[in-house]
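Student: Here you go, one structure.
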There are 2 protein chains.
Amino acid sequence: MTETKPLTDYIKQHIALTDEESSFLTSKIHFKKYRKRDMLLSQGDICKTYYFILSGATKTFYLDKAGTEHILTFCIENWWAADLGSLISQTPAAYNIQCLENTSMIEIPLDAMENLYLKIPKLERFFRKIVERAYVATQNRITDAFSLSAKEQYTAFQKRYPQLEQRIPQYMVASYLGIQPQSLSRIRKERKA
Amino acid sequence: MTETKPLTDYIKQHIALTDEESSFLTSKIHFKKYRKRDMLLSQGDICKTYYFILSGATKTFYLDKAGTEHILTFCIENWWAADLGSLISQTPAAYNIQCLENTSMIEIPLDAMENLYLKIPKLERFFRKIVERAYVATQNRITDAFSLSAKEQYTAFQKRYPQLEQRIPQYMVASYLGIQPQSLSRIRKERKA
DNA sequence: CGAAAATTTGACATGACTCAACTGGAGTGG
DNA sequence: CCACTCCAGTTGAGTCATGTCAAATTTTCG
């Protein structure tokens, strides 16, 4: 299973795994490829899988009452995607997850996760740290939303996701920033001047 | 140490602890009382402690360049307070934490935490779940900020923190919502009508 | 090439901000 | 116990950033 090696390597950067643990892990996860526009999860479904992105990109978004799309986060290489709220309490997902490019990932089904935690308790620590990091990132996002103007948030986005802007349409950046595409267009125009 | 019992009880609701584990835990944590307006953490300091609130309330906030206060969260009974970003990477805190009332809490110093994880590995699981929950709450906050008007966010705040509004000044609610006190005053006026 | 989608631009509306004045209650000191 | 001060909260008037609606233009892609 050489295809799953990137994940075991990634985990080994954080915690030591014996060969046995490593191969048990490998036996529980699987490699998968998706195509641009494929949905990994739809609002209302129950999220059953953790996704670790090897290459490509996804967006996590939801549709409000008016049917407008709001992008909560982009996930790119070496990052995790899932609707954690749905996953941990097995309730209907609040979010959709969709591929923005052809994307290859490693999937860890929820029930495999339980086995992994039992057999390799160290993984509790690993995932605790992953979630901690994600939590801090989300807090920073709130902080930015609070005190930065649309212009400044756009700059912050470019810093947080270097190069991503080149890979996705502008209206998605606007959606991530919580502004209208027209407004982003005007901000960009103004910045050039 | 009967004063620390509420926390051990709280943890036991989630994971089983032997008597030995329970008393080891108790030996590592301490009970403490703070007074209204006491600072638990100041922007720029390194956060060294997890706080579990038994009674009272705190606010976690930061001051922007203009010196305006933005409240990220309120923490009340049975909830955790800390600047996790500062705590996990031992970098200067982005946030201040201050008591809004006389508040009693249980403190777990960061280095005690490491001992606890070693001696009681189950705690990794417990804290993973705590952080997961906090993460989901933060995501929901972003979602609200995105799609709700100031009016609707005010209603959401009242739902998320029942009764808290009665315990704190109105300008803090405004700060939490990310609007001016004047705007909140107008929203309240309009709602009565 | 042609249709559909994305982006830009213009004109106008609006929600929230800013600045400023005023009200009312809480706490303090004479 | 009253006068004074301070601070939270309210209200008003004008401003500004962003939203809305609509049309023109450019880009993408089958």
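The chains in the structure tokens are called A, B, ... from first to last as shown; in each chain the residues are counted from 1, and the ligands are counted from 1 in the order shown.
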Any chance you could tabulate, as a tab-separated table, the residues of chain D at most 10 Å from chain A with each one's nearest atom pair and distance in Å to one decimal, using only C-alpha atoms (C1' of nucleotides), in chain and rising number order?
Tutor:
residue	atom	partner	partner_atom	distance
D:DA17	C1'	A:Ser149	CA	9.1
D:DT18	C1'	A:Ser183	CA	7.1
D:DG19	C1'	A:Gln180	CA	7.5
D:DT20	C1'	A:Gln180	CA	10.0
Student: Using DSSP on the backbone, list every residue of segment 9-42 of chain B that comes out as strand (DSSP E or B), and give them as a ChimeraX atom specification.
Tutor: /B:30-34,39-41
Student: Taking only C-alpha atoms (C1' of nucleotides) into account, which residues of chain C are within 12 Å of chain B, as number ranges by chain?
Tutor: C: 15-19
Student: Show me, as a ChimeraX atom specification, the residues of chain B whose atoms get within 9 Å of chain A, using only C-alpha atoms for the distance check.
Tutor: /B:62,64-65,68,70,72,83-85,88,117,121-122,124-125,127-129,131-139,141-143,145-147,177-178
Student: Enumerate, as an MDAnalysis selection string, the complete set of residues in chain A that a backbone-based DSSP assignment places in alpha helix (DSSP H).
Tutor: chainID A and resid 5:12 19:28 84:89 110:119 122:147 150:160 164:167 170:177 181:192
Student: I want to know what sits within 12 Å of Gln170 of chain B, based on only C-alpha atoms (C1' of nucleotides), with residues of the same chain fewer than 2 positions away left out; could you give that as a ChimeraX atom specification?
Tutor: /B:154,164-168,172-177,179-188 /D:8-9
Student: Quick one: pull the distance between atom CA of Lys192 of chain B and atom C1' of DA13 of chain C, Å, one decimal.
Tutor: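 So the answer is 25.6 Å.
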